[in-house]
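Okay, protein_36.cif now, which holds mmCIF, C-alpha atoms:
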```
data_start
#
loop_
_atom_site.label_atom_id
_atom_site.label_comp_id
_atom_site.auth_asym_id
_atom_site.auth_seq_id
_atom_site.Cartn_x
_atom_site.Cartn_y
_atom_site.Cartn_z
CA MET A 374 30.33 33.40 -58.26
CA LYS A 375 28.66 36.66 -57.29
CA GLN A 376 25.91 34.67 -55.55
CA LEU A 377 28.54 32.69 -53.61
CA LEU A 378 30.15 35.89 -52.36
CA GLN A 379 26.76 37.31 -51.41
CA THR A 380 25.88 34.11 -49.52
CA ILE A 381 29.12 34.35 -47.54
CA LEU A 382 28.76 38.04 -46.71
CA GLU A 383 25.07 38.54 -45.84
CA PRO A 384 24.97 36.55 -42.56
CA MET A 385 27.94 38.44 -41.10
CA LEU A 386 26.58 41.95 -41.78
CA GLU A 387 24.45 44.08 -39.47
CA HIS A 388 23.12 45.96 -42.52
CA PRO A 389 22.83 43.33 -45.29
CA GLU A 390 20.52 45.60 -47.29
CA ALA A 391 23.50 47.93 -47.92
CA LEU A 392 25.57 45.18 -49.55
CA GLU A 393 26.56 45.88 -53.15
CA ILE A 394 28.82 43.67 -55.25
CA GLU A 395 30.16 44.99 -58.53
CA VAL A 396 31.77 42.60 -61.01
CA GLU A 397 34.38 43.70 -63.54
CA GLU A 398 35.60 41.05 -65.93
CA THR A 399 38.49 41.36 -68.35
CA LYS A 400 40.25 38.85 -70.57
CA TYR A 401 42.63 37.74 -67.78
CA ASN A 402 40.87 38.43 -64.48
CA VAL A 403 37.60 38.89 -62.60
CA SER A 404 37.34 41.62 -59.96
CA TYR A 405 34.64 41.73 -57.28
CA LYS A 406 34.25 45.09 -55.57
CA ILE A 407 32.31 44.92 -52.30
CA ARG A 408 30.51 47.92 -50.82
CA VAL A 409 29.00 47.62 -47.34
CA HIS A 410 27.62 49.94 -44.66
CA GLU A 411 30.42 51.78 -42.84
CA ASP A 412 29.61 49.89 -39.61
CA ASP A 413 30.23 46.55 -41.35
CA VAL A 414 33.62 47.26 -42.94
CA GLY A 415 35.50 45.89 -39.91
CA ARG A 416 33.42 42.73 -39.92
CA VAL A 417 34.25 42.05 -43.58
CA ILE A 418 37.98 42.68 -43.11
CA GLY A 419 38.22 40.80 -39.79
CA LYS A 420 41.05 40.79 -37.31
CA ARG A 421 44.36 41.17 -39.14
CA GLY A 422 42.49 40.78 -42.45
CA ARG A 423 41.64 37.14 -41.88
CA MET A 424 38.03 37.31 -43.11
CA ILE A 425 38.79 39.07 -46.40
CA LYS A 426 41.76 36.75 -46.97
CA ALA A 427 39.51 33.72 -46.43
CA MET A 428 36.94 35.12 -48.89
CA ARG A 429 39.67 35.65 -51.48
CA THR A 430 40.84 32.06 -51.02
CA ILE A 431 37.30 30.67 -51.36
CA MET A 432 36.60 32.73 -54.48
CA SER A 433 39.90 31.74 -56.10
CA ASN A 434 39.30 28.04 -55.40
CA ALA A 435 35.70 28.23 -56.63
CA ASN A 436 37.02 29.58 -59.94
CA HIS A 437 39.18 26.49 -60.60
CA GLY A 438 37.52 25.80 -63.96
CA SER A 439 38.72 29.09 -65.43
CA SER A 440 42.21 30.43 -66.03
CA LYS A 441 41.19 33.94 -64.94
CA LYS A 442 42.63 35.39 -61.74
CA VAL A 443 40.09 36.46 -59.11
CA PHE A 444 40.33 39.65 -57.05
CA VAL A 445 38.07 40.62 -54.11
CA ASP A 446 38.34 44.23 -52.91
CA ILE A 447 36.43 46.46 -50.51
CA ASP A 448 35.47 49.95 -51.69
#
```

Whole structure, C-alpha coordinates version:
Amino acid sequence: MKQLLQTILEPMLEHPEALEIEVEETKYNVSYKIRVHEDDVGRVIGKRGRMIKAMRTIMSNANHGSSKKVFVDID
(Lines of atoms letter the chains of each structure in order from A and count residues from 1; the text may use other names and numbers.)
(Lines give C-alpha, C1' and ligand atoms only; values in the text may rest on other atoms or scores of the structure.)
Protein backbone atom coordinates (compact mmCIF):
# COMPACT_ATOMS: atom_id res chain seq x y z
CA MET A 1 0.00 0.00 0.00
CA LYS A 2 2.83 2.38 0.82
CA GLN A 3 4.45 1.53 -2.52
CA LEU A 4 1.17 2.30 -4.33
CA LEU A 5 0.99 5.73 -2.71
CA GLN A 6 4.63 6.41 -3.56
CA THR A 7 4.03 5.37 -7.19
CA ILE A 8 1.12 7.80 -7.43
CA LEU A 9 2.94 10.72 -5.82
CA GLU A 10 6.47 10.65 -7.29
CA PRO A 11 5.62 11.61 -10.90
CA MET A 12 3.65 14.69 -9.83
CA LEU A 13 6.36 16.16 -7.57
CA GLU A 14 9.10 18.60 -8.54
CA HIS A 15 11.20 17.34 -5.61
CA PRO A 16 10.47 13.59 -5.38
CA GLU A 17 13.58 13.06 -3.24
CA ALA A 18 11.87 14.96 -0.40
CA LEU A 19 8.90 12.57 -0.32
CA GLU A 20 8.41 10.78 3.00
CA ILE A 21 5.52 8.47 3.82
CA GLU A 22 4.96 7.41 7.40
CA VAL A 23 2.59 4.54 8.17
CA GLU A 24 0.78 4.21 11.49
CA GLU A 25 -1.35 1.11 11.91
CA THR A 26 -3.77 0.41 14.74
CA LYS A 27 -6.33 -2.31 15.30
CA TYR A 28 -9.05 -0.45 13.36
CA ASN A 29 -7.28 1.84 10.89
CA VAL A 30 -4.18 2.57 8.81
CA SER A 31 -2.91 6.15 8.56
CA TYR A 32 -0.50 7.36 5.87
CA LYS A 33 1.18 10.67 6.63
CA ILE A 34 2.76 12.32 3.60
CA ARG A 35 5.58 14.84 3.85
CA VAL A 36 6.71 16.67 0.71
CA HIS A 37 8.83 19.70 -0.17
CA GLU A 38 6.98 22.95 0.56
CA ASP A 39 6.82 23.74 -3.19
CA ASP A 40 4.93 20.49 -3.85
CA VAL A 41 2.20 20.77 -1.21
CA GLY A 42 -0.18 22.50 -3.64
CA ARG A 43 0.40 19.84 -6.26
CA VAL A 44 -0.50 17.06 -3.82
CA ILE A 45 -3.65 18.82 -2.59
CA GLY A 46 -4.77 19.97 -6.06
CA LYS A 47 -7.44 22.47 -6.95
CA ARG A 48 -10.22 22.34 -4.38
CA GLY A 49 -8.57 19.26 -2.84
CA ARG A 50 -9.32 17.02 -5.80
CA MET A 51 -5.92 15.29 -5.94
CA ILE A 52 -5.77 14.36 -2.26
CA LYS A 53 -9.41 13.24 -2.37
CA ALA A 54 -8.63 10.99 -5.37
CA MET A 55 -5.63 9.50 -3.54
CA ARG A 56 -7.80 8.78 -0.50
CA THR A 57 -10.36 7.06 -2.72
CA ILE A 58 -7.71 4.93 -4.45
CA MET A 59 -6.11 3.91 -1.16
CA SER A 60 -9.47 3.03 0.41
CA ASN A 61 -10.48 0.91 -2.59
CA ALA A 62 -7.08 -0.80 -2.72
CA ASN A 63 -7.61 -1.87 0.89
CA HIS A 64 -10.82 -3.78 0.10
CA GLY A 65 -9.48 -7.05 1.55
CA SER A 66 -9.16 -5.57 5.03
CA SER A 67 -11.75 -4.15 7.39
CA LYS A 68 -9.41 -1.36 8.50
CA LYS A 69 -10.24 2.23 7.58
CA VAL A 70 -7.58 4.09 5.57
CA PHE A 71 -6.55 7.71 6.19
CA VAL A 72 -4.20 9.78 3.99
CA ASP A 73 -2.99 13.08 5.48
CA ILE A 74 -0.42 15.70 4.57
CA ASP A 75 1.94 16.92 7.30

- Any chance you could resolve the PyMOL selection byres ((chain A and resi 382-388) around 9) against this file and give the residues as a ChimeraX atom specification? /A:377-381,389-392,409-410,412-414,416-417,428

- Message: Take the PyMOL selection byres ((chain A and resi 432-437) around 12), run it mentally on this structure, and tell me the resulting residues as a VMD selection string.
- Response: chain A and resid 374 to 381 402 to 405 425 to 431 438 to 446

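Taking CA of Ile447 (chain A) and CA of Tyr401 (chain A) as the two end points, the separation is 20.3 Å.
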
- Note on the structure: Taken to one decimal, the CA of Arg408 (chain A)-CA of Glu393 (chain A) distance is 5.0 Å

So for region 417-436 of chain A, what box centre and size do we get, axis-aligned, 8 Å extra on each of the six sides, every listed atom, Å to one decimal, as lines of an AutoDock Vina configuration file?
```
center_x = 39.3
center_y = 35.4
center_z = -48.6
size_x = 26.1
size_y = 30.6
size_z = 38.6
```
